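Participant: Here you go, upload09.tsv (TSV, C-alpha atoms and all ligand atoms):
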```tsv
chain	number	residue	atom	x	y	z
A	1	MET	CA	70.98	96.10	-6.47
A	2	ASP	CA	74.06	96.49	-4.28
A	3	TRP	CA	72.87	96.83	-0.74
A	4	GLU	CA	75.35	96.27	2.06
A	5	HIS	CA	74.10	94.34	5.09
A	6	ASN	CA	74.29	95.18	8.80
A	7	VAL	CA	76.23	98.40	8.38
A	8	SER	CA	77.40	100.70	11.17
A	9	LEU	CA	76.02	104.24	10.74
A	10	GLN	CA	78.57	105.73	13.11
A	11	PRO	CA	80.71	107.17	10.27
A	12	TYR	CA	77.58	108.62	8.66
A	13	ASN	CA	76.41	110.90	11.48
A	14	SER	CA	78.35	113.91	12.78
A	15	LEU	CA	77.47	113.10	16.39
A	16	GLY	CA	79.28	109.78	15.90
A	17	LEU	CA	76.42	107.90	17.58
A	18	PRO	CA	76.37	104.13	17.31
A	19	ALA	CA	73.51	102.61	15.29
A	20	ARG	CA	73.32	99.92	12.65
A	21	ALA	CA	71.27	99.63	9.48
A	22	ARG	CA	69.98	96.28	8.27
A	23	PHE	CA	70.68	97.51	4.73
A	24	PHE	CA	72.75	100.40	3.46
A	25	HIS	CA	73.10	101.92	0.01
A	26	GLN	CA	75.02	104.93	-1.24
A	27	ALA	CA	73.14	105.94	-4.39
A	28	THR	CA	74.99	107.97	-7.00
A	29	LYS	CA	72.32	107.92	-9.73
A	30	GLU	CA	68.63	108.78	-9.80
A	31	VAL	CA	67.76	105.42	-11.32
A	32	GLU	CA	69.35	103.72	-8.31
A	33	LEU	CA	67.13	105.76	-6.00
A	34	LEU	CA	64.07	104.63	-7.96
A	35	ASP	CA	65.18	100.98	-7.70
A	36	ASP	CA	65.80	101.41	-3.97
A	37	LEU	CA	62.34	102.92	-3.44
A	38	ARG	CA	60.68	100.08	-5.38
A	39	LYS	CA	62.36	97.47	-3.20
A	40	VAL	CA	61.62	99.39	0.01
A	41	ILE	CA	57.92	99.47	-0.91
A	42	LYS	CA	57.80	95.85	-2.11
A	43	ASP	CA	59.43	94.53	1.08
A	44	LYS	CA	57.68	97.08	3.34
A	45	LEU	CA	61.00	98.27	4.74
A	46	GLU	CA	61.72	101.25	6.93
A	47	LEU	CA	63.62	103.94	5.02
A	48	LEU	CA	66.04	106.46	6.48
A	49	VAL	CA	67.39	109.01	4.00
A	50	ILE	CA	70.84	110.34	4.86
A	51	GLY	CA	72.78	113.24	3.36
A	52	GLY	CA	75.86	114.29	5.34
A	53	GLY	CA	74.36	113.09	8.64
A	54	SER	CA	75.03	116.44	10.31
A	55	ASN	CA	71.50	116.92	11.59
A	56	LEU	CA	70.66	113.43	12.78
A	57	VAL	CA	70.29	111.89	16.24
A	58	LEU	CA	70.38	108.13	15.91
A	59	ALA	CA	69.03	106.51	19.06
A	60	ARG	CA	68.21	103.08	17.59
A	61	ASP	CA	69.07	100.72	14.76
A	62	ILE	CA	67.33	100.97	11.38
A	63	ASP	CA	65.47	97.77	10.61
A	64	GLY	CA	65.40	98.62	6.91
A	65	LEU	CA	67.37	100.69	4.43
A	66	ALA	CA	69.63	103.62	5.29
A	67	LEU	CA	69.90	105.36	1.93
A	68	LYS	CA	72.73	107.82	1.49
A	69	VAL	CA	71.92	110.22	-1.33
A	70	ASP	CA	75.15	110.87	-3.20
A	71	LEU	CA	73.99	112.37	-6.52
A	72	LYS	CA	76.56	114.82	-7.85
A	73	GLY	CA	76.57	117.66	-10.39
A	74	ILE	CA	76.22	121.44	-10.59
A	75	GLU	CA	74.63	122.69	-13.79
A	76	ILE	CA	74.08	126.29	-14.93
A	77	VAL	CA	70.58	126.27	-16.37
A	78	GLU	CA	70.38	129.98	-17.14
A	79	GLU	CA	72.82	132.86	-17.04
A	80	ASN	CA	72.66	136.54	-17.98
A	81	GLU	CA	74.61	139.62	-16.95
A	82	LYS	CA	72.62	139.95	-13.73
A	83	SER	CA	72.08	136.43	-12.43
A	84	ALA	CA	72.78	132.73	-12.72
A	85	THR	CA	70.36	129.88	-12.12
A	86	LEU	CA	71.99	126.68	-10.91
A	87	ARG	CA	70.63	123.16	-10.55
A	88	VAL	CA	72.57	121.40	-7.82
A	89	ALA	CA	72.34	117.65	-7.24
A	90	ALA	CA	71.30	116.59	-3.74
A	91	GLY	CA	74.59	114.94	-2.78
A	92	GLU	CA	76.78	117.97	-3.44
A	93	PRO	CA	78.46	119.05	-0.19
A	94	TRP	CA	77.05	122.45	0.81
A	95	PRO	CA	80.33	124.11	1.93
A	96	GLU	CA	82.01	123.27	-1.40
A	97	LEU	CA	78.97	124.52	-3.32
A	98	VAL	CA	79.24	127.92	-1.62
A	99	LYS	CA	82.96	128.12	-2.45
A	100	HIS	CA	82.31	127.06	-6.06
A	101	CYS	CA	79.68	129.79	-6.49
A	102	LEU	CA	81.93	132.49	-5.04
A	103	LYS	CA	84.73	131.46	-7.40
A	104	ARG	CA	82.40	131.70	-10.39
A	105	GLY	CA	81.16	135.14	-9.29
A	106	PHE	CA	77.68	133.90	-8.32
A	107	PHE	CA	76.68	135.59	-5.07
A	108	GLY	CA	74.07	135.24	-2.35
A	109	LEU	CA	75.24	132.18	-0.42
A	110	GLU	CA	78.24	133.71	1.33
A	111	ASN	CA	76.50	134.06	4.73
A	112	LEU	CA	75.72	130.35	4.56
A	113	SER	CA	79.40	129.40	4.20
A	114	ASP	CA	80.62	126.26	5.93
A	115	ILE	CA	77.24	124.87	7.05
A	116	PRO	CA	77.93	121.13	7.02
A	117	GLY	CA	75.81	118.71	5.02
A	118	THR	CA	74.47	118.33	1.52
A	119	ALA	CA	72.52	120.53	-0.88
A	120	GLY	CA	69.63	118.04	-0.80
A	121	ALA	CA	69.11	118.42	2.94
A	122	ALA	CA	69.33	122.22	2.86
A	123	PRO	CA	65.59	122.78	2.17
A	124	ILE	CA	64.51	120.38	4.95
A	125	GLN	CA	65.10	122.92	7.69
A	126	ASN	CA	65.71	125.94	5.43
A	127	ILE	CA	69.31	126.24	6.55
A	128	GLY	CA	70.23	129.65	7.83
A	129	ALA	CA	73.06	131.56	9.45
A	130	TYR	CA	74.33	135.10	9.97
A	131	GLY	CA	71.16	136.81	8.78
A	132	ALA	CA	70.55	134.72	5.64
A	133	GLU	CA	68.39	131.70	4.79
A	134	LEU	CA	68.37	129.25	1.91
A	135	SER	CA	64.79	130.26	1.00
A	136	GLN	CA	66.04	133.69	-0.16
A	137	ARG	CA	67.93	132.02	-3.04
A	138	LEU	CA	65.90	128.89	-3.71
A	139	LEU	CA	63.67	128.65	-6.79
A	140	SER	CA	62.52	125.05	-6.57
A	141	VAL	CA	63.18	121.56	-5.22
A	142	SER	CA	63.34	118.45	-7.44
A	143	VAL	CA	61.89	115.43	-5.67
A	144	ILE	CA	60.82	111.85	-6.08
A	145	GLU	CA	57.69	110.91	-4.16
A	146	GLN	CA	58.68	107.96	-2.00
A	147	THR	CA	55.48	105.94	-2.35
A	148	THR	CA	54.82	106.44	-6.08
A	149	GLY	CA	58.30	107.08	-7.50
A	150	SER	CA	56.90	110.08	-9.41
A	151	ARG	CA	59.25	112.99	-10.14
A	152	GLN	CA	58.07	116.48	-9.27
A	153	GLU	CA	59.43	120.02	-9.26
A	154	ILE	CA	58.15	121.85	-6.19
A	155	PRO	CA	58.32	125.68	-6.37
A	156	ALA	CA	59.95	127.24	-3.31
A	157	ALA	CA	56.74	129.19	-2.61
A	158	ASP	CA	54.93	125.90	-1.88
A	159	CYS	CA	57.48	124.74	0.69
A	160	ARG	CA	56.31	127.12	3.47
A	161	PHE	CA	59.80	128.09	4.51
A	162	SER	CA	60.29	129.91	7.79
A	163	TYR	CA	62.94	129.96	10.52
A	164	ARG	CA	64.46	126.40	10.49
A	165	GLN	CA	61.18	125.09	9.11
A	166	SER	CA	59.61	123.84	5.92
A	167	ARG	CA	56.87	121.48	4.85
A	168	PHE	CA	59.58	118.82	4.39
A	169	LYS	CA	59.99	118.88	8.17
A	170	GLY	CA	56.25	119.07	8.82
A	171	LEU	CA	53.35	117.90	6.65
A	172	TRP	CA	55.65	116.36	4.02
A	173	ARG	CA	57.99	114.60	6.45
A	174	ASP	CA	59.34	111.42	4.80
A	175	ARG	CA	57.15	111.98	1.73
A	176	TYR	CA	59.84	113.00	-0.75
A	177	LEU	CA	63.38	112.14	-1.67
A	178	ILE	CA	65.08	115.36	-2.72
A	179	THR	CA	67.24	114.84	-5.82
A	180	ALA	CA	68.27	118.44	-6.61
A	181	ILE	CA	67.69	122.08	-5.75
A	182	THR	CA	67.56	125.08	-8.09
A	183	LEU	CA	69.07	128.34	-6.88
A	184	LYS	CA	69.02	131.83	-8.35
A	185	LEU	CA	72.18	133.77	-7.53
A	186	THR	CA	73.17	137.32	-8.39
A	187	LYS	CA	76.24	138.52	-10.24
A	188	GLN	CA	76.15	141.90	-8.49
A	189	PRO	CA	77.03	141.42	-4.83
A	190	GLN	CA	74.17	142.29	-2.45
A	191	LEU	CA	75.86	141.90	0.89
A	192	CYS	CA	73.91	140.97	3.99
A	193	LEU	CA	75.80	142.55	6.86
A	194	ASP	CA	72.91	142.60	9.34
A	195	HIS	CA	74.70	140.38	11.79
A	196	ALA	CA	76.69	142.59	14.16
A	197	GLY	CA	79.62	140.17	14.38
A	198	ILE	CA	80.17	140.34	10.62
A	199	GLN	CA	79.78	144.09	10.22
A	200	GLU	CA	82.47	144.83	12.79
A	201	ALA	CA	85.15	142.89	10.94
A	202	MET	CA	84.52	144.20	7.41
A	203	PRO	CA	87.05	146.31	5.48
A	204	THR	CA	85.94	149.71	4.10
A	205	HIS	CA	84.69	148.25	0.80
A	206	PRO	CA	83.75	144.66	1.58
A	207	GLY	CA	82.99	142.04	-1.04
A	208	PRO	CA	81.24	138.65	-0.80
A	209	GLU	CA	84.59	136.91	-0.25
A	210	ASP	CA	85.20	139.05	2.85
A	211	VAL	CA	81.79	138.04	4.21
A	212	ALA	CA	82.45	134.35	3.52
A	213	ARG	CA	85.89	134.53	5.14
A	214	GLU	CA	84.48	136.22	8.26
A	215	VAL	CA	81.56	133.80	8.53
A	216	CYS	CA	83.98	130.84	8.33
A	217	ARG	CA	86.25	132.43	10.94
A	218	LEU	CA	83.36	133.06	13.35
A	219	ARG	CA	82.01	129.56	12.85
A	220	ARG	CA	85.40	128.00	13.57
A	221	LEU	CA	85.61	130.09	16.76
A	222	LYS	CA	82.12	129.26	17.98
A	223	LEU	CA	81.36	125.71	16.88
A	224	PRO	CA	83.19	122.49	17.64
A	225	ASP	CA	84.48	120.59	14.61
A	226	PRO	CA	82.46	117.33	14.42
A	227	LYS	CA	85.63	115.53	13.30
A	228	LEU	CA	87.13	116.30	16.71
A	229	LEU	CA	84.02	116.33	18.91
A	230	GLY	CA	80.71	114.76	17.86
A	231	ASN	CA	77.91	117.30	17.49
A	232	ALA	CA	75.00	118.31	15.27
A	233	GLY	CA	75.38	122.09	15.51
A	234	SER	CA	72.59	123.83	17.41
A	235	PHE	CA	70.57	121.21	19.22
A	236	PHE	CA	67.58	123.44	19.96
A	237	THR	CA	65.88	126.04	17.80
A	238	ASN	CA	65.56	129.55	19.18
A	239	PRO	CA	62.02	129.66	20.65
A	240	VAL	CA	59.57	132.15	19.17
A	241	ILE	CA	57.09	133.48	21.72
A	242	GLU	CA	54.40	136.16	21.96
A	243	ALA	CA	55.76	139.65	22.68
A	244	ARG	CA	53.44	139.80	25.72
A	245	GLN	CA	55.07	136.74	27.29
A	246	ALA	CA	58.51	138.20	26.54
A	247	LYS	CA	57.55	141.42	28.30
A	248	ASP	CA	56.61	139.46	31.42
A	249	MET	CA	59.89	137.55	31.22
A	250	LEU	CA	61.82	140.80	30.80
A	251	ALA	CA	60.36	142.07	34.07
A	252	GLU	CA	61.95	139.09	35.81
A	253	HIS	CA	65.11	138.72	33.74
A	254	ALA	CA	66.36	142.19	32.77
A	255	ASN	CA	69.19	140.81	30.59
A	256	LEU	CA	66.92	138.51	28.53
A	257	ARG	CA	68.38	138.02	25.04
A	258	MET	CA	65.68	138.47	22.40
A	259	TYR	CA	65.02	139.65	18.86
A	260	ASP	CA	61.80	141.43	17.86
A	261	LEU	CA	60.26	139.76	14.79
A	262	GLY	CA	58.01	142.78	14.23
A	263	ASP	CA	54.79	140.74	14.06
A	264	GLY	CA	53.86	140.61	17.74
A	265	ARG	CA	56.37	137.82	18.36
A	266	VAL	CA	59.94	137.71	19.57
A	267	LYS	CA	62.69	135.17	19.14
A	268	LEU	CA	64.64	134.19	22.25
A	269	ALA	CA	68.23	132.96	22.25
A	270	ALA	CA	67.93	129.29	23.23
A	271	GLY	CA	71.65	129.15	24.14
A	272	TRP	CA	71.20	132.02	26.59
A	273	LEU	CA	68.28	130.23	28.29
A	274	VAL	CA	70.36	127.04	28.67
A	275	GLU	CA	73.34	128.99	29.96
A	276	GLN	CA	71.24	130.87	32.52
A	277	CYS	CA	70.16	127.51	33.95
A	278	GLY	CA	73.81	126.73	34.66
A	279	LEU	CA	73.89	123.91	32.12
A	280	LYS	CA	76.69	125.16	29.86
A	281	GLY	CA	79.60	122.72	29.94
A	282	ILE	CA	77.83	120.05	32.02
A	283	ARG	CA	78.66	116.43	31.32
A	284	ARG	CA	76.53	113.34	31.80
A	285	GLY	CA	78.82	110.39	31.16
A	286	SER	CA	79.76	110.35	27.48
A	287	VAL	CA	77.52	113.24	26.46
A	288	GLY	CA	77.33	116.87	27.49
A	289	VAL	CA	76.77	120.52	26.68
A	290	HIS	CA	79.69	122.20	24.92
A	291	LYS	CA	81.77	124.32	27.29
A	292	GLU	CA	81.84	127.35	24.97
A	293	GLN	CA	78.46	127.04	23.28
A	294	ALA	CA	75.40	126.17	25.39
A	295	LEU	CA	73.27	125.41	22.33
A	296	VAL	CA	75.50	122.58	21.16
A	297	LEU	CA	75.20	119.12	22.69
A	298	VAL	CA	78.27	116.97	22.27
A	299	HIS	CA	79.17	113.30	22.23
A	300	HIS	CA	82.58	112.62	23.76
A	301	GLY	CA	82.62	109.07	22.42
A	302	GLY	CA	81.36	105.76	23.77
A	303	GLY	CA	77.85	107.08	24.41
A	304	THR	CA	74.46	106.44	22.84
A	305	GLY	CA	71.69	108.43	21.22
A	306	ARG	CA	69.46	107.53	24.18
A	307	GLN	CA	71.91	109.19	26.59
A	308	LEU	CA	71.97	112.30	24.42
A	309	LEU	CA	68.17	112.46	24.31
A	310	ASP	CA	68.00	112.02	28.11
A	311	LEU	CA	70.33	115.00	28.45
A	312	ALA	CA	68.19	117.00	26.00
A	313	GLU	CA	65.13	116.18	28.10
A	314	GLU	CA	66.90	117.29	31.29
A	315	ILE	CA	67.73	120.61	29.60
A	316	ARG	CA	64.20	121.10	28.26
A	317	THR	CA	62.64	120.39	31.68
A	318	THR	CA	65.04	122.75	33.46
A	319	VAL	CA	64.51	125.60	30.98
A	320	GLN	CA	60.74	125.13	31.06
A	321	ALA	CA	60.70	125.21	34.87
A	322	ARG	CA	62.84	128.36	35.03
A	323	PHE	CA	61.47	130.39	32.09
A	324	GLY	CA	58.16	128.72	31.12
A	325	VAL	CA	59.55	128.26	27.60
A	326	LYS	CA	59.55	124.98	25.74
A	327	LEU	CA	62.69	124.22	23.71
A	328	GLU	CA	62.29	122.25	20.48
A	329	ILE	CA	64.95	119.86	19.25
A	330	GLU	CA	66.35	120.96	15.87
A	331	PRO	CA	67.92	117.78	14.36
A	332	ARG	CA	65.96	114.82	13.08
A	333	VAL	CA	65.57	112.31	15.91
A	334	VAL	CA	65.40	108.60	15.08
A	335	ALA	CA	64.30	106.98	18.37
B	401	LIG	C1	78.95	121.94	13.31
B	401	LIG	C2	77.57	122.13	12.72
B	401	LIG	C3	77.11	123.40	12.45
B	401	LIG	C4	75.84	123.59	11.88
B	401	LIG	N1	75.43	124.85	11.61
B	401	LIG	C5	74.22	125.08	11.04
B	401	LIG	C6	73.79	126.40	10.71
B	401	LIG	O1	74.51	127.38	10.90
B	401	LIG	N2	72.56	126.55	10.16
B	401	LIG	C7	71.74	125.49	9.91
B	401	LIG	O2	70.64	125.70	9.40
B	401	LIG	N3	72.12	124.22	10.21
B	401	LIG	C8	73.33	123.99	10.77
B	401	LIG	N4	73.73	122.71	11.09
B	401	LIG	C9	72.83	121.59	10.81
B	401	LIG	C10	73.10	120.90	9.45
B	401	LIG	O3	74.32	121.34	8.91
B	401	LIG	C11	72.00	121.20	8.43
B	401	LIG	O4	70.75	120.83	8.94
B	401	LIG	C12	72.23	120.46	7.11
B	401	LIG	O5	71.31	120.91	6.14
B	401	LIG	C13	72.09	118.95	7.26
B	401	LIG	O6	72.50	118.36	6.04
B	401	LIG	P1	72.85	116.83	5.96
B	401	LIG	O7	73.07	116.51	4.52
B	401	LIG	O8	73.96	116.51	6.87
B	401	LIG	O9	71.48	116.18	6.45
B	401	LIG	P2	71.27	114.85	7.30
B	401	LIG	O10	71.73	115.08	8.70
B	401	LIG	O11	71.85	113.69	6.58
B	401	LIG	O12	69.69	114.74	7.29
B	401	LIG	C14	68.89	115.70	7.96
B	401	LIG	C15	67.43	115.43	7.59
B	401	LIG	O13	67.26	115.63	6.20
B	401	LIG	C16	66.79	114.43	5.56
B	401	LIG	N5	67.45	114.35	4.26
B	401	LIG	C17	68.77	114.44	4.01
B	401	LIG	N6	68.99	114.39	2.67
B	401	LIG	C18	67.79	114.24	2.09
B	401	LIG	C19	67.34	114.11	0.74
B	401	LIG	N7	68.19	114.13	-0.29
B	401	LIG	N8	66.02	113.95	0.50
B	401	LIG	C20	65.14	113.92	1.53
B	401	LIG	N9	65.49	114.05	2.82
B	401	LIG	C21	66.79	114.22	3.10
B	401	LIG	C22	67.16	113.30	6.52
B	401	LIG	O14	66.32	112.20	6.38
B	401	LIG	C23	66.99	113.99	7.86
B	401	LIG	O15	65.63	114.02	8.21
B	401	LIG	C24	75.01	122.48	11.64
B	401	LIG	C25	75.49	121.17	11.91
B	401	LIG	C26	76.75	121.01	12.45
B	401	LIG	C27	77.25	119.62	12.72
```
Mind turning the file's structure into structure tokens?
Facilitator:
Amino acid sequence: MDWEHNVSLQPYNSLGLPARARFFHQATKEVELLDDLRKVIKDKLELLVIGGGSNLVLARDIDGLALKVDLKGIEIVEENEKSATLRVAAGEPWPELVKHCLKRGFFGLENLSDIPGTAGAAPIQNIGAYGAELSQRLLSVSVIEQTTGSRQEIPAADCRFSYRQSRFKGLWRDRYLITAITLKLTKQPQLCLDHAGIQEAMPTHPGPEDVAREVCRLRRLKLPDPKLLGNAGSFFTNPVIEARQAKDMLAEHANLRMYDLGDGRVKLAAGWLVEQCGLKGIRRGSVGVHKEQALVLVHHGGGTGRQLLDLAEEIRTTVQARFGVKLEIEPRVVA
């Protein structure tokens, strides 16, 4: 087994945070993953699974194995005139997968264009953007159970997907290694134009390519490129609160940004809450809040995960004191 020793994880996380792994392996085959798991169990090592590292906050070293899942392959498992079912290996880069599907005339992922990371990580937080979520297209998740090495196919219905949530992030955290996902895509475009920003820019007869192009354009406008400025996208999830609490808040803050979920709950815009506290664009040494996007924490270089988490705590405390709302951190924190 080819494990590298004492490896810097800085190139493997989009925040560019410094951390080292005692062992590192980039696995390109399933049998390598099984070997890795066996050794991890035998030697009682800590295991950190990494995809593209775009949703990770590394605030300490890994005294074990950092395992980068790099399985590749996109296979059409079923196709008819209406739909195509694709099995996508976990290490396939998500943005390229979306482009590949569009080119083949397989639709349904266009609103999820350009979300960084890998296909294997997509079910962890049920990636979503511009009115769409992975769960709408996902049939099942192929996994290896970390402790037993047994292969399983988990139907999407068992994953309890909701807004930026799944069992992989909750009850099943660190239980499975995801090796592939199976998606069902349509051949007839069914455009999702719910998001106001997209609708405005559409031509008279829009197609999925128009949606993808507009989503990419908006994302480039709104989000910093991690290659230029370390970040993990949205750092906090939009808080979901009881409609009653929102009504009380509205009495105090007439311009409160919220979205009615229709089930007695409302979703608040976390970025708006942060911005209202005057925290947009602040800097604490090497870390800060992005000057255009209050939901994105950034690493200017030379900082640490600890500094970033201290800033996150400062933001959470300030927002809680002002609005009585608790912000939850979206990325996986290794502290
Ligand atoms: C600029 C930017 C914009 C973003 N925009 C969005 C957005 O619009 N919507 C959205 O939902 N997210 C967004 N994100 C977050 C991120 O893109 C997603 O969470 C993505 O799915 C992470 O994929 P990854 O491969 O980089 O995962 P990683 O960061 O490598 O890992 C994230 C978590 O998944 C686990 N994991 C990774 N691969 C596997 C595997 N094969 N098996 C088991 N566990 C695994 C890791 O252990 C970790 O807990 C954004 C991030 C950035 C940097």
Participant: Taking all atoms listed in the file into account, name the residue in A:Phe107, A:Phe236, A:Tyr259, A:Trp94 that is nearest to A:Lys184.
Facilitator: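 Under the stated criterion, the closest residue is A:Phe107.
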Participant: Could you list the protein, DNA and RNA residues that have any atom within 6 Å of ligand LIG 401 (chain B), counting all atoms listed in the file, and write them as an MDAnalysis selection string?
Facilitator: chainID A and resid 14 48:56 69 90 115:118 120:122 124 127:129 176:179 223 225:226 231:233 332
Participant: Determine, counting all atoms listed in the file, every residue of protein, DNA or RNA that lies within 10 Å of (67.2, 106.2, 23.7) in the file coordinates, then give the result as a list in words.
Facilitator: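 These residues have at least one counted atom within 10 Å: Val57, Leu58, Ala59, Arg60, Thr304, Gly305, Arg306, Gln307, Leu308, Leu309, Asp310, Val334 and Ala335 of chain A.
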Participant: Between A:Gly16, A:Pro206, A:Gly170, A:Gly64, which one has atoms that come closest to A:Glu4, using only C-alpha atoms?
Facilitator: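 Counting only C-alpha atoms, the residue closest to A:Glu4 is A:Gly64.
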Participant: For A:Thr148, please output as number ranges by chain all residues within 10 Å (counting only C-alpha atoms; exclusion window: fewer than 3 positions along the same chain).
Facilitator: A: 34, 37-38, 41, 144-145, 151, 175-176
Participant: Distance atom CA of A:Phe161-atom CA of A:Arg219, one decimal place?
Facilitator: 23.8 Å
Participant: For the atom pair atom CA of A:His300 and atom CA of A:Leu228, what is the interatomic distance in Å to one decimal place?
Facilitator: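 We find that atom CA of A:His300 and atom CA of A:Leu228 lie 9.2 Å from each other.
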Participant: Within 10 Å of A:Val289, counting only C-alpha atoms, which residues show up once you throw out same-chain ones fewer than 5 positions away? Write them as a compact mmCIF listing (two decimals) with C-alpha atoms, keeping the file's coordinate frame, please.
Facilitator:
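Done, and the output landed in result_14.txt:
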```
# COMPACT_ATOMS: atom_id res chain seq x y z
CA ASN A 231 77.91 117.30 17.49
CA PHE A 235 70.57 121.21 19.22
CA VAL A 274 70.36 127.04 28.67
CA GLU A 275 73.34 128.99 29.96
CA LEU A 279 73.89 123.91 32.12
CA LYS A 280 76.69 125.16 29.86
CA GLY A 281 79.60 122.72 29.94
CA ILE A 282 77.83 120.05 32.02
CA ARG A 283 78.66 116.43 31.32
CA ARG A 284 76.53 113.34 31.80
CA ALA A 294 75.40 126.17 25.39
CA LEU A 295 73.27 125.41 22.33
CA VAL A 296 75.50 122.58 21.16
CA LEU A 297 75.20 119.12 22.69
CA VAL A 298 78.27 116.97 22.27
CA HIS A 299 79.17 113.30 22.23
CA LEU A 308 71.97 112.30 24.42
CA LEU A 311 70.33 115.00 28.45
CA ALA A 312 68.19 117.00 26.00
CA ILE A 315 67.73 120.61 29.60
```
Participant: Find the distance between atom CA of A:Val143 and atom CA of A:Pro18 and write it in Å to one decimal.
Facilitator: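 These atoms are spaced 29.4 Å apart.
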Participant: Rank A:Gly264, A:Pro208, A:Gly149, A:Pro93 by their smallest atom-to-atom distance to A:Gln245, using only C-alpha atoms, and report the top residue only.
Facilitator: A:Gly264
Participant: Neighbourhood query: residues within 7 Å of (77.7, 140.5, -1.5), file coordinates, counting only C-alpha atoms; return as a list of chain:residue names.
Facilitator: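 Using only C-alpha atoms, the matching residues come out as A:Phe107, A:Gly108, A:Pro189, A:Gln190, A:Leu191, A:Cys192, A:Gly207, A:Pro208.
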Participant: Determine, counting all atoms listed in the file, which protein, DNA and RNA residues have an atom within 8 Å of an atom of A:Thr182; residues of the same chain fewer than 3 positions away are not included. Present the result as a list in words.
Facilitator: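 The filter keeps Thr85, Leu86, Arg87, Val88, Leu138, Leu139, Ser140, Val141 and Ser142 of chain A.
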Participant: Rank A:Glu78, A:Asp36, A:Glu92, A:Glu110 by their smallest atom-to-atom distance to A:Ala66, using all atoms listed in the file, and report the top residue only.
Facilitator: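 Answer, going by the shortest atom-to-atom distance: A:Asp36.
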Participant: Output, as lines of an AutoDock Vina configuration file, the centre and edge lengths in Å (one decimal) of the axis-aligned box that contains all listed atoms of stretch 187-206 of chain A with 3 Å of margin on each side.
Facilitator:
```
center_x = 80.0
center_y = 144.1
center_z = 2.1
size_x = 20.1
size_y = 17.2
size_z = 30.6
```
